[in-house]
$ cat input-v1.txt   # compact mmCIF, C-alpha atoms
# COMPACT_ATOMS: atom_id res chain seq x y z
CA MET A 1 -22.60 -17.27 16.60
CA THR A 2 -21.09 -15.52 13.61
CA GLN A 3 -19.37 -17.87 11.19
CA GLN A 4 -15.78 -16.80 10.53
CA SER A 5 -14.63 -16.35 6.96
CA PRO A 6 -12.01 -18.83 5.78
CA PRO A 7 -8.44 -17.51 5.69
CA LEU A 8 -7.37 -15.83 2.47
CA ARG A 9 -5.39 -18.08 0.15
CA ARG A 10 -1.83 -17.09 -0.70
CA GLY A 11 -0.52 -17.15 -4.25
CA TRP A 12 2.70 -17.07 -6.25
CA THR A 13 4.61 -14.14 -7.69
CA THR A 14 5.40 -13.79 -11.39
CA GLY A 15 9.00 -14.46 -10.38
CA SER A 16 8.09 -17.86 -8.92
CA CYS A 17 6.04 -18.78 -11.99
CA ALA A 18 8.87 -17.72 -14.33
CA THR A 19 11.31 -19.79 -12.26
CA ALA A 20 9.17 -22.91 -12.53
CA ALA A 21 8.73 -22.42 -16.28
CA ALA A 22 12.48 -21.89 -16.78
CA LYS A 23 13.36 -25.05 -14.84
CA ALA A 24 10.82 -27.11 -16.79
CA ALA A 25 12.09 -25.80 -20.13
CA TRP A 26 15.71 -26.55 -19.18
CA LEU A 27 14.83 -30.12 -18.19
CA VAL A 28 13.37 -30.59 -21.68
CA LEU A 29 16.54 -29.11 -23.18
CA MET A 30 18.55 -31.67 -21.19
CA GLY A 31 16.54 -34.49 -22.80
CA HIS A 32 14.10 -35.26 -19.99
CA THR A 33 10.47 -36.13 -20.63
CA PRO A 34 8.46 -32.91 -20.14
CA PRO A 35 7.35 -33.09 -16.49
CA ALA A 36 3.78 -32.29 -15.51
CA THR A 37 5.06 -30.53 -12.39
CA VAL A 38 8.35 -29.04 -11.18
CA SER A 39 9.53 -28.02 -7.75
CA ILE A 40 11.49 -24.82 -7.11
CA SER A 41 13.23 -23.27 -4.13
CA LEU A 42 11.84 -20.05 -2.68
CA PRO A 43 14.27 -17.50 -1.21
CA ASN A 44 13.50 -18.82 2.29
CA GLY A 45 14.50 -22.34 1.22
CA GLN A 46 10.94 -23.68 1.03
CA GLN A 47 10.26 -26.13 -1.82
CA VAL A 48 7.03 -25.58 -3.75
CA VAL A 49 5.53 -27.43 -6.70
CA PHE A 50 4.10 -25.86 -9.87
CA ALA A 51 2.02 -27.44 -12.61
CA VAL A 52 3.28 -26.85 -16.15
CA CYS A 53 0.40 -26.18 -18.49
CA ARG A 54 2.17 -26.28 -21.86
CA TYR A 55 5.42 -27.03 -23.63
CA GLY A 56 6.62 -26.03 -27.07
CA VAL A 57 9.51 -24.94 -29.25
CA ASP A 58 10.34 -21.41 -30.38
CA ASN A 59 13.01 -21.10 -33.09
CA GLY A 60 14.41 -24.43 -32.03
CA ASN A 61 14.50 -23.52 -28.32
CA PRO A 62 12.20 -25.21 -25.80
CA PHE A 63 9.71 -23.25 -23.73
CA ALA A 64 7.39 -24.07 -20.86
CA GLU A 65 4.38 -22.18 -19.53
CA VAL A 66 2.91 -21.79 -16.05
CA ILE A 67 -0.39 -20.12 -15.15
CA LYS A 68 -0.03 -17.42 -12.50
CA ASP A 69 -2.12 -18.11 -9.40
CA ALA A 70 -2.24 -15.05 -7.14
CA GLY A 71 -4.45 -16.76 -4.57
CA ASP A 72 -7.07 -14.40 -3.18
CA ASP A 73 -5.04 -11.30 -3.98
CA PRO A 74 -6.59 -8.89 -6.56
CA ASP A 75 -3.44 -9.09 -8.69
CA VAL A 76 -3.66 -7.86 -12.30
CA THR A 77 -1.55 -10.84 -13.39
CA HIS A 78 -3.77 -13.48 -11.78
CA GLY A 79 -4.46 -16.12 -14.43
CA ALA A 80 -1.75 -14.82 -16.79
CA THR A 81 0.39 -17.27 -18.74
CA ILE A 82 4.09 -16.96 -17.88
CA ARG A 83 6.46 -18.45 -20.45
CA ALA A 84 10.17 -19.17 -20.18
CA THR A 85 12.21 -20.00 -23.28
CA VAL A 86 15.75 -21.28 -22.74
CA ARG A 87 18.76 -21.44 -25.06
CA PRO A 88 22.24 -22.81 -24.29
CA LEU A 89 25.13 -20.37 -24.61
CA PRO A 90 28.87 -20.92 -25.10
CA ALA A 91 30.90 -21.59 -21.97
CA GLY A 92 31.69 -18.51 -19.93
CA HIS A 93 28.58 -16.51 -20.80
CA GLY A 94 26.72 -17.27 -17.57
CA VAL A 95 22.97 -16.77 -17.41
CA CYS A 96 21.55 -13.92 -19.51
CA PHE A 97 18.00 -12.64 -19.27
CA ARG A 98 15.84 -11.31 -22.10
CA ALA A 99 12.45 -9.63 -22.15
CA GLY A 100 10.04 -11.54 -24.34
CA GLU A 101 6.60 -10.41 -25.46
CA GLY A 102 4.68 -8.79 -22.63
CA VAL A 103 7.71 -8.18 -20.39
CA GLY A 104 9.01 -4.63 -20.10
CA THR A 105 12.41 -3.08 -20.59
CA ILE A 106 13.92 -0.57 -18.14
CA THR A 107 14.52 2.86 -19.68
CA ARG A 108 15.24 5.07 -16.66
CA PRO A 109 17.83 4.99 -13.88
CA GLY A 110 16.93 4.48 -10.24
CA LEU A 111 15.53 0.94 -10.42
CA PRO A 112 17.39 -2.15 -9.12
CA LEU A 113 18.63 -2.82 -12.68
CA PRO A 114 20.15 -0.40 -15.18
CA PRO A 115 18.42 1.00 -18.29
CA GLY A 116 18.34 -1.43 -21.17
CA GLU A 117 17.85 -4.49 -18.97
CA ALA A 118 14.79 -6.72 -19.06
CA ALA A 119 12.42 -5.88 -16.21
CA ILE A 120 13.12 -9.14 -14.41
CA ASN A 121 13.98 -8.18 -10.86
CA PRO A 122 17.10 -9.39 -9.01
CA VAL A 123 15.34 -11.90 -6.73
CA PRO A 124 13.52 -13.68 -9.59
CA ARG A 125 16.82 -13.74 -11.51
CA ALA A 126 18.51 -15.40 -8.53
CA MET A 127 15.63 -17.87 -8.18
CA ILE A 128 15.88 -18.80 -11.87
CA CYS A 129 19.64 -19.32 -11.58
CA THR A 130 19.11 -21.62 -8.60
CA ALA A 131 16.44 -23.58 -10.50
CA LEU A 132 18.64 -23.97 -13.57
CA ALA A 133 21.50 -25.21 -11.38
CA GLU A 134 19.15 -27.74 -9.76
CA ALA A 135 18.02 -28.99 -13.18
CA ASN A 136 21.48 -29.00 -14.75
CA GLY A 137 23.61 -30.17 -11.82
CA SER A 138 25.54 -26.89 -11.90
CA LEU A 139 24.84 -23.37 -13.09
CA PRO A 140 24.71 -23.53 -16.90
CA ASP A 141 25.50 -20.94 -19.54
CA ALA A 142 22.06 -20.03 -20.75
CA GLU A 143 19.81 -17.37 -22.20
CA VAL A 144 16.44 -17.17 -20.47
CA THR A 145 13.62 -15.23 -22.15
CA ILE A 146 10.52 -14.53 -20.05
CA SER A 147 7.21 -13.65 -21.71
CA VAL A 148 3.75 -12.87 -20.37
CA ALA A 149 0.67 -13.38 -22.52
CA ASP A 150 -1.17 -10.05 -22.92
CA GLY A 151 1.47 -8.48 -20.69
CA LEU A 152 1.52 -5.18 -22.57
CA HIS A 153 -2.20 -4.71 -22.00
CA LEU A 154 -1.97 -5.77 -18.35
CA SER A 155 0.92 -3.35 -17.76
CA GLN A 156 -1.40 -0.43 -18.47
CA ARG A 157 -3.03 -1.18 -15.11
CA THR A 158 0.30 -0.80 -13.29
CA LEU A 159 2.73 2.05 -12.61
CA ASN A 160 5.35 0.64 -14.98
CA SER A 161 5.20 3.42 -17.57
CA ARG A 162 5.73 6.02 -14.86
CA LEU A 163 8.75 4.12 -13.59
CA GLY A 164 10.20 4.04 -17.09
CA ILE A 165 9.44 0.36 -17.77
CA ILE A 166 8.07 0.09 -21.30
CA GLY A 167 6.71 -2.75 -23.36
CA GLY A 168 5.08 -4.83 -20.65
CA LEU A 169 5.09 -6.06 -17.09
CA SER A 170 7.85 -6.51 -14.54
CA ILE A 171 8.74 -9.97 -13.26
CA LEU A 172 8.55 -9.35 -9.54
CA GLY A 173 8.82 -10.99 -6.16
CA THR A 174 11.08 -10.84 -3.12
CA THR A 175 9.71 -13.88 -1.28
CA GLY A 176 8.11 -15.77 -4.16
CA ILE A 177 4.78 -15.66 -2.34
CA VAL A 178 1.84 -13.29 -2.87
CA VAL A 179 0.21 -12.36 0.44
CA PRO A 180 -3.47 -11.52 -0.21
CA PHE A 181 -4.27 -7.83 -0.02
CA SER A 182 -0.75 -7.09 1.13
CA CYS A 183 0.30 -3.46 1.04
CA ALA A 184 3.89 -4.52 0.38
CA ALA A 185 3.64 -4.38 -3.41
CA TRP A 186 2.11 -0.90 -3.38
CA ILE A 187 4.66 0.43 -0.91
CA SER A 188 7.43 -1.09 -3.02
CA SER A 189 6.11 0.77 -6.06
CA ILE A 190 6.15 4.00 -4.02
CA HIS A 191 9.79 3.40 -3.12
CA ARG A 192 10.75 2.63 -6.72
CA GLY A 193 8.96 5.77 -7.90
CA ILE A 194 10.99 7.84 -5.45
CA ASP A 195 14.20 6.11 -6.55
CA VAL A 196 13.51 6.90 -10.21
CA ALA A 197 12.66 10.54 -9.48
CA ARG A 198 15.83 11.02 -7.40
CA ALA A 199 17.96 9.34 -10.06
CA GLU A 200 16.58 11.82 -12.61
CA GLY A 201 17.58 14.70 -10.36
CA LEU A 202 14.05 15.83 -9.54
CA THR A 203 13.89 17.97 -6.39
CA HIS A 204 10.11 18.38 -6.01
CA LEU A 205 7.85 15.33 -5.66
CA ALA A 206 4.09 15.16 -5.09
CA GLY A 207 2.45 12.27 -3.26
CA SER A 208 -1.28 11.94 -3.90
CA THR A 209 -4.04 9.77 -2.47
CA GLY A 210 -5.89 9.30 -5.76
CA ASN A 211 -6.38 10.22 -9.38
CA VAL A 212 -8.28 13.48 -8.77
CA SER A 213 -5.71 14.94 -6.40
CA GLU A 214 -2.85 13.71 -8.57
CA LYS A 215 -4.13 15.45 -11.70
CA ALA A 216 -4.88 18.60 -9.74
CA VAL A 217 -1.47 18.86 -8.06
CA GLN A 218 0.33 18.09 -11.32
CA LYS A 219 -1.49 20.96 -12.99
CA HIS A 220 -0.96 23.25 -10.00
CA TYR A 221 2.82 22.87 -10.03
CA ASN A 222 3.32 21.81 -13.66
CA LEU A 223 5.17 18.70 -12.52
CA PRO A 224 6.53 15.98 -14.82
CA GLU A 225 4.97 12.54 -14.56
CA THR A 226 7.99 11.04 -12.82
CA ALA A 227 7.56 13.56 -9.98
CA LEU A 228 4.14 12.10 -9.16
CA ILE A 229 4.08 9.45 -6.42
CA GLU A 230 0.80 7.57 -6.21
CA MET A 231 0.93 6.90 -2.49
CA GLY A 232 -2.76 5.98 -2.16
CA ASP A 233 -3.47 5.20 1.48
CA PHE A 234 0.18 4.52 2.29
CA VAL A 235 1.41 7.98 3.18
CA GLY A 236 3.50 6.44 5.96
CA GLY A 237 5.31 4.23 3.47
CA MET A 238 6.20 7.30 1.43
CA LEU A 239 7.22 9.54 4.33
CA LYS A 240 9.36 6.94 6.08
CA TYR A 241 11.22 6.17 2.86
CA LEU A 242 11.79 9.88 2.20
CA ARG A 243 13.15 10.20 5.73
CA GLN A 244 15.95 7.85 4.66
CA HIS A 245 16.14 9.00 1.01
CA PRO A 246 15.49 12.75 1.25
CA ILE A 247 14.46 15.25 -1.40
CA GLU A 248 14.35 19.03 -1.25
CA ARG A 249 10.60 19.51 -1.55
CA LEU A 250 7.46 17.41 -1.09
CA THR A 251 3.82 18.20 -1.74
CA ILE A 252 1.14 15.98 -0.22
CA ALA A 253 -2.19 16.13 -2.03
CA GLY A 254 -5.36 14.34 -1.08
CA GLY A 255 -9.06 14.37 -0.43
CA ILE A 256 -10.67 15.96 2.59
CA ALA A 257 -11.32 12.77 4.56
CA LYS A 258 -7.89 11.23 4.02
CA MET A 259 -6.07 14.45 4.86
CA THR A 260 -8.20 14.69 7.99
CA LYS A 261 -6.99 11.25 9.07
CA LEU A 262 -3.39 12.20 8.29
CA GLY A 263 -3.84 15.29 10.44
CA GLN A 264 -5.07 13.03 13.24
CA GLY A 265 -1.81 11.07 13.10
CA ARG A 266 -2.86 8.21 10.83
CA LEU A 267 -0.16 7.01 8.41
CA ASP A 268 -2.36 4.35 6.80
CA LEU A 269 -5.40 6.14 5.42
CA HIS A 270 -7.49 3.13 4.35
CA SER A 271 -11.06 3.11 5.63
CA LYS A 272 -10.53 -0.39 7.04
CA ARG A 273 -7.89 1.01 9.40
CA GLY A 274 -10.47 3.27 11.03
CA GLN A 275 -12.58 6.34 10.41
CA ALA A 276 -11.79 9.95 11.15
CA ASP A 277 -12.41 11.13 14.70
CA MET A 278 -15.29 13.60 14.37
CA ALA A 279 -14.86 14.96 17.89
CA ALA A 280 -11.21 15.71 17.10
CA LEU A 281 -12.29 17.36 13.85
CA ALA A 282 -14.69 19.58 15.78
CA GLN A 283 -11.90 20.44 18.20
CA LEU A 284 -9.76 21.44 15.23
CA ALA A 285 -12.57 23.65 13.94
CA ALA A 286 -12.85 25.22 17.40
CA SER A 287 -9.48 26.89 16.87
CA SER A 288 -11.36 29.21 14.53
CA ASN A 289 -14.22 31.58 15.34
CA VAL A 290 -17.05 29.08 15.46
CA THR A 291 -20.46 28.84 17.12
CA THR A 292 -21.47 26.14 19.58
CA ASP A 293 -24.17 24.93 17.19
CA ALA A 294 -21.65 24.52 14.34
CA LEU A 295 -19.30 22.56 16.60
CA ALA A 296 -22.13 20.29 17.69
CA ALA A 297 -23.15 19.73 14.06
CA ILE A 298 -19.58 18.85 13.07
CA THR A 299 -19.26 16.43 15.98
CA ALA A 300 -22.55 14.75 15.05
CA SER A 301 -21.75 14.50 11.34
CA PRO A 302 -21.55 10.91 10.10
CA THR A 303 -18.85 11.73 7.54
CA VAL A 304 -16.04 14.22 7.07
CA ALA A 305 -17.70 15.40 3.86
CA GLU A 306 -20.84 16.37 5.76
CA ALA A 307 -18.80 18.02 8.51
CA PHE A 308 -16.91 19.98 5.87
CA LEU A 309 -20.22 21.19 4.39
CA VAL A 310 -21.29 22.38 7.85
CA ALA A 311 -18.00 24.20 8.26
CA THR A 312 -18.28 25.81 4.84
CA GLN A 313 -21.75 27.12 5.62
CA ALA A 314 -20.45 28.45 8.95
CA GLU A 315 -17.51 30.13 7.16
CA ILE A 316 -14.97 28.05 9.08
CA PRO A 317 -11.67 27.63 7.14
CA LEU A 318 -11.67 23.92 7.91
CA GLY A 319 -9.75 23.00 4.76
CA ASN A 320 -6.75 25.08 5.80
CA LEU A 321 -6.96 23.76 9.34
CA ILE A 322 -6.99 20.16 8.07
CA ALA A 323 -4.04 20.90 5.79
CA GLN A 324 -2.06 22.42 8.66
CA SER A 325 -2.69 19.43 10.90
CA ALA A 326 -1.68 17.06 8.09
CA LEU A 327 1.47 19.10 7.55
CA THR A 328 2.35 18.76 11.22
CA THR A 329 2.03 14.95 11.05
CA ALA A 330 4.12 14.82 7.88
CA LEU A 331 6.94 16.92 9.33
CA GLU A 332 6.97 14.87 12.54
CA THR A 333 7.23 11.67 10.50
CA LEU A 334 10.01 13.04 8.30
CA ALA A 335 12.05 14.34 11.24
CA PRO A 336 14.95 14.76 11.62
CA THR A 337 15.24 14.92 7.82
CA LEU A 338 14.85 18.47 6.52
CA CYS A 339 12.35 18.75 3.69
CA GLN A 340 10.23 21.65 2.49
CA VAL A 341 6.65 20.35 2.69
CA ASP A 342 3.25 21.67 1.75
CA VAL A 343 -0.19 20.06 1.85
CA LEU A 344 -3.04 20.60 -0.61
CA VAL A 345 -6.56 19.41 0.20
CA TYR A 346 -8.94 18.78 -2.72
CA ASP A 347 -12.65 18.09 -2.98
CA ARG A 348 -14.04 15.44 -5.30
CA ALA A 349 -14.23 17.92 -8.17
CA GLY A 350 -10.51 18.61 -7.93
CA GLN A 351 -10.91 22.07 -6.41
CA CYS A 352 -8.35 23.05 -3.80
CA VAL A 353 -10.18 23.65 -0.52
CA GLY A 354 -7.22 23.80 1.84
CA HIS A 355 -3.51 24.57 1.86
CA ALA A 356 -0.66 24.70 4.36
CA GLY A 357 3.07 25.29 3.93
CA PRO A 358 5.56 25.18 2.50
CA SER A 359 7.37 24.83 5.76
CA LEU A 360 11.02 24.12 6.49
CA PRO A 361 11.80 23.18 10.09
CA GLU A 362 14.65 25.08 11.69
CA ARG A 363 17.88 23.20 12.22
CA HIS A 364 18.73 23.05 15.93
CA ALA A 365 22.28 23.08 17.17
$ encode --input "input-v1.txt" --output "structure tokens"
Amino acid sequence: MTQQSPPLRRGWTTGSCATAAAKAAWLVLMGHTPPATVSISLPNGQQVVFAVCRYGVDNGNPFAEVIKDAGDDPDVTHGATIRATVRPLPAGHGVCFRAGEGVGTITRPGLPLPPGEAAINPVPRAMICTALAEANGSLPDAEVTISVADGLHLSQRTLNSRLGIIGGLSILGTTGIVVPFSCAAWISSIHRGIDVARAEGLTHLAGSTGNVSEKAVQKHYNLPETALIEMGDFVGGMLKYLRQHPIERLTIAGGIAKMTKLGQGRLDLHSKRGQADMAALAQLAASSNVTTDALAAITASPTVAEAFLVATQAEIPLGNLIAQSALTTALETLAPTLCQVDVLVYDRAGQCVGHAGPSLPERHA
């Protein structure tokens, strides 16, 4: 009997950690003994408890720190120290948020908050306000500064700079909980990238599956950085969002294997979601002038890369056929939204080995 792996452990968002730190710091400001733990309310009403690792004073204002625990999720902020510093404000000011060291500032339109604001998202802001009200008895007038130790360095491993968030990380979270290996955060970054590009008036975006295809398509079309959408495996997340938030033109760029899976109707291209259907790939190749031996070799190939090599040696334009099939899937997913779409297929060296489109579906009466 095969022993089952234990379930993956959930963690807490930076927003939850910042909320706990803010509540702890405000309790100290109110004259309470610094608590070892604090409880906060998640958006769903659940109460959760956080340990406070450190207290201190910054320019006369108390701060508290919480260590981010992302559970079993490979989060770049796992283990980071989240600090909240609080300062009372005159009556009528409400709660104001500031970006401390390691937290970014928004510089481009299209995000949930306007340029100039600290990159502390609306849900974490609401959670912090609730926590302060719980600690104070009512919502106080307060300035809350959130900092993340080494946040500027950590932000270089995120898409923040492309979204126009400079100086550090974003304080994120819509549920307060990190679900291990969830695609939600990546898909959310795709959506925010599209929002920023549309707000800047860009009409041509390029979604890529990886770094090689992204660099190649950027060079091919001379696109600005904000036009580049790093969709990774989540082409469905990009296409479905564009169906509701349309643009004039879209280029999809990716490697041979992932574009093959898109052409076979897959909208999640991760290898864990399944491999390419080699028999279907051979059937696609059969639409060209191909020998029986070549078709058999493609069907028997263990990988798309090997099948593509067979096709190349047999002078089968498999790259263009893959691109055309991927284009068909993309247009079907975008429908009924009208968008001019083309697909570029790249090998691992960044050479274009297949192209289809652009294509604009006809509007039917």
$ residues_around --input "input-v1.txt" --residues "stretch 129-135 of chain A" --least-positions-apart "4" --cutoff "8 Å" --atoms "only C-alpha atoms" --output "list in words"
Thr19, Ala20, Ala22, Lys23, Trp26, Leu27, Ile40, Ser41, Val95, Arg125, Leu139 and Pro140 of chain A
$ atom_distance --input "input-v1.txt" --atom1 "atom CA of A:Ile316" --atom2 "atom CA of A:Glu214"
25.8 Å
$ atom_distance --input "input-v1.txt" --atom1 "atom CA of A:Asn320" --atom2 "atom CA of A:Pro246"
25.8 Å
$ residues_around --input "input-v1.txt" --residues "stretch 190-204 of chain A" --least-positions-apart "3" --cutoff "9 Å" --atoms "only C-alpha atoms" --output "compact mmCIF listing (two decimals) with C-alpha atoms, keeping the file's coordinate frame"
# COMPACT_ATOMS: atom_id res chain seq x y z
CA ARG A 108 15.24 5.07 -16.66
CA PRO A 109 17.83 4.99 -13.88
CA GLY A 110 16.93 4.48 -10.24
CA LEU A 111 15.53 0.94 -10.42
CA PRO A 112 17.39 -2.15 -9.12
CA LEU A 159 2.73 2.05 -12.61
CA ARG A 162 5.73 6.02 -14.86
CA LEU A 163 8.75 4.12 -13.59
CA GLY A 164 10.20 4.04 -17.09
CA ALA A 185 3.64 -4.38 -3.41
CA TRP A 186 2.11 -0.90 -3.38
CA ILE A 187 4.66 0.43 -0.91
CA LEU A 223 5.17 18.70 -12.52
CA THR A 226 7.99 11.04 -12.82
CA ALA A 227 7.56 13.56 -9.98
CA LEU A 228 4.14 12.10 -9.16
CA ILE A 229 4.08 9.45 -6.42
CA GLU A 230 0.80 7.57 -6.21
CA MET A 231 0.93 6.90 -2.49
CA PHE A 234 0.18 4.52 2.29
CA GLY A 237 5.31 4.23 3.47
CA MET A 238 6.20 7.30 1.43
CA TYR A 241 11.22 6.17 2.86
CA LEU A 242 11.79 9.88 2.20
CA HIS A 245 16.14 9.00 1.01
CA PRO A 246 15.49 12.75 1.25
CA ILE A 247 14.46 15.25 -1.40
CA GLU A 248 14.35 19.03 -1.25
CA ARG A 249 10.60 19.51 -1.55
CA LEU A 250 7.46 17.41 -1.09
CA THR A 251 3.82 18.20 -1.74
$ closest_atom_pairs --input "input-v1.txt" --of "stretch 33-122 of chain A" --to "stretch 141-147 of chain A" --cutoff "7 Å" --atoms "all atoms listed in the file" --output "JSON lines"
{"residue": "A:Ile82", "atom": "CA", "partner": "A:Ser147", "partner_atom": "CA", "distance": 5.9}
{"residue": "A:Arg83", "atom": "CA", "partner": "A:Ser147", "partner_atom": "CA", "distance": 5.0}
{"residue": "A:Ala84", "atom": "CA", "partner": "A:Ile146", "partner_atom": "CA", "distance": 4.7}
{"residue": "A:Thr85", "atom": "CA", "partner": "A:Thr145", "partner_atom": "CA", "distance": 5.1}
{"residue": "A:Val86", "atom": "CA", "partner": "A:Val144", "partner_atom": "CA", "distance": 4.7}
{"residue": "A:Arg87", "atom": "CA", "partner": "A:Glu143", "partner_atom": "CA", "distance": 5.1}
{"residue": "A:Pro88", "atom": "CA", "partner": "A:Ala142", "partner_atom": "CA", "distance": 4.5}
{"residue": "A:Leu89", "atom": "CA", "partner": "A:Ala142", "partner_atom": "CA", "distance": 4.9}
{"residue": "A:Pro90", "atom": "CA", "partner": "A:Asp141", "partner_atom": "CA", "distance": 6.5}
{"residue": "A:Ala91", "atom": "CA", "partner": "A:Asp141", "partner_atom": "CA", "distance": 6.0}
{"residue": "A:Gly92", "atom": "CA", "partner": "A:Asp141", "partner_atom": "CA", "distance": 6.7}
{"residue": "A:His93", "atom": "CA", "partner": "A:Asp141", "partner_atom": "CA", "distance": 5.5}
{"residue": "A:Gly94", "atom": "CA", "partner": "A:Asp141", "partner_atom": "CA", "distance": 4.3}
{"residue": "A:Val95", "atom": "CA", "partner": "A:Ala142", "partner_atom": "CA", "distance": 4.8}
{"residue": "A:Cys96", "atom": "CA", "partner": "A:Glu143", "partner_atom": "CA", "distance": 4.7}
{"residue": "A:Phe97", "atom": "CA", "partner": "A:Val144", "partner_atom": "CA", "distance": 4.9}
{"residue": "A:Arg98", "atom": "CA", "partner": "A:Thr145", "partner_atom": "CA", "distance": 4.5}
{"residue": "A:Ala99", "atom": "CA", "partner": "A:Ile146", "partner_atom": "CA", "distance": 5.7}
{"residue": "A:Gly100", "atom": "CA", "partner": "A:Ser147", "partner_atom": "CA", "distance": 4.4}
{"residue": "A:Glu101", "atom": "CA", "partner": "A:Ser147", "partner_atom": "CA", "distance": 5.0}
{"residue": "A:Gly102", "atom": "CA", "partner": "A:Ser147", "partner_atom": "CA", "distance": 5.6}
{"residue": "A:Val103", "atom": "CA", "partner": "A:Ser147", "partner_atom": "CA", "distance": 5.6}
$ residues_around --input "input-v1.txt" --residues "stretch 343-360 of chain A" --least-positions-apart "2" --cutoff "10 Å" --atoms "only C-alpha atoms" --output "VMD selection string"
chain A and resid 206 to 208 211 to 217 220 248 to 260 305 308 312 317 to 328 330 to 331 338 to 341 362 to 363
$ residues_around --input "input-v1.txt" --residues "A:Ser39" --least-positions-apart "3" --cutoff "8 Å" --atoms "only C-alpha atoms" --output "list in words"
Ala20, Gln47, Val48, Val49 and Phe50 of chain A
$ atom_distance --input "input-v1.txt" --atom1 "atom CA of A:Arg10" --atom2 "atom CA of A:Gly176"
10.6 Å
$ build_atoms --input "input-v1.txt" --residues "stretch 288-293 of chain A" --atoms "all heavy atoms" --output "short mmCIF file (atom, residue, chain, number, x, y, z; two decimals), in the frame of the given file"
data_model
loop_
_atom_site.label_atom_id
_atom_site.label_comp_id
_atom_site.auth_asym_id
_atom_site.auth_seq_id
_atom_site.Cartn_x
_atom_site.Cartn_y
_atom_site.Cartn_z
N SER A 288 -10.89 28.05 15.28
CA SER A 288 -11.36 29.21 14.53
C SER A 288 -12.55 29.82 15.27
O SER A 288 -12.99 29.32 16.29
CB SER A 288 -11.76 28.77 13.11
OG SER A 288 -12.22 29.86 12.35
N ASN A 289 -13.05 30.92 14.75
CA ASN A 289 -14.22 31.58 15.34
C ASN A 289 -15.46 30.81 14.93
O ASN A 289 -15.94 30.94 13.81
CB ASN A 289 -14.29 33.03 14.87
CG ASN A 289 -15.41 33.79 15.55
OD1 ASN A 289 -15.89 33.37 16.61
ND2 ASN A 289 -15.83 34.90 14.96
N VAL A 290 -15.98 29.99 15.82
CA VAL A 290 -17.05 29.08 15.46
C VAL A 290 -18.11 29.05 16.57
O VAL A 290 -17.79 29.20 17.75
CB VAL A 290 -16.49 27.66 15.22
CG1 VAL A 290 -15.73 27.16 16.44
CG2 VAL A 290 -17.57 26.69 14.82
N THR A 291 -19.36 28.87 16.15
CA THR A 291 -20.46 28.84 17.12
C THR A 291 -20.58 27.46 17.74
O THR A 291 -20.11 26.46 17.19
CB THR A 291 -21.79 29.19 16.44
OG1 THR A 291 -22.12 28.16 15.49
CG2 THR A 291 -21.70 30.53 15.73
N THR A 292 -21.25 27.42 18.90
CA THR A 292 -21.47 26.14 19.58
C THR A 292 -22.31 25.21 18.73
O THR A 292 -22.07 24.00 18.68
CB THR A 292 -22.16 26.39 20.93
OG1 THR A 292 -21.36 27.27 21.72
CG2 THR A 292 -22.38 25.09 21.68
N ASP A 293 -23.30 25.76 18.03
CA ASP A 293 -24.17 24.93 17.19
C ASP A 293 -23.38 24.29 16.05
O ASP A 293 -23.59 23.12 15.72
CB ASP A 293 -25.31 25.77 16.61
CG ASP A 293 -26.34 26.17 17.66
OD1 ASP A 293 -26.34 25.55 18.74
OD2 ASP A 293 -27.14 27.09 17.39
#
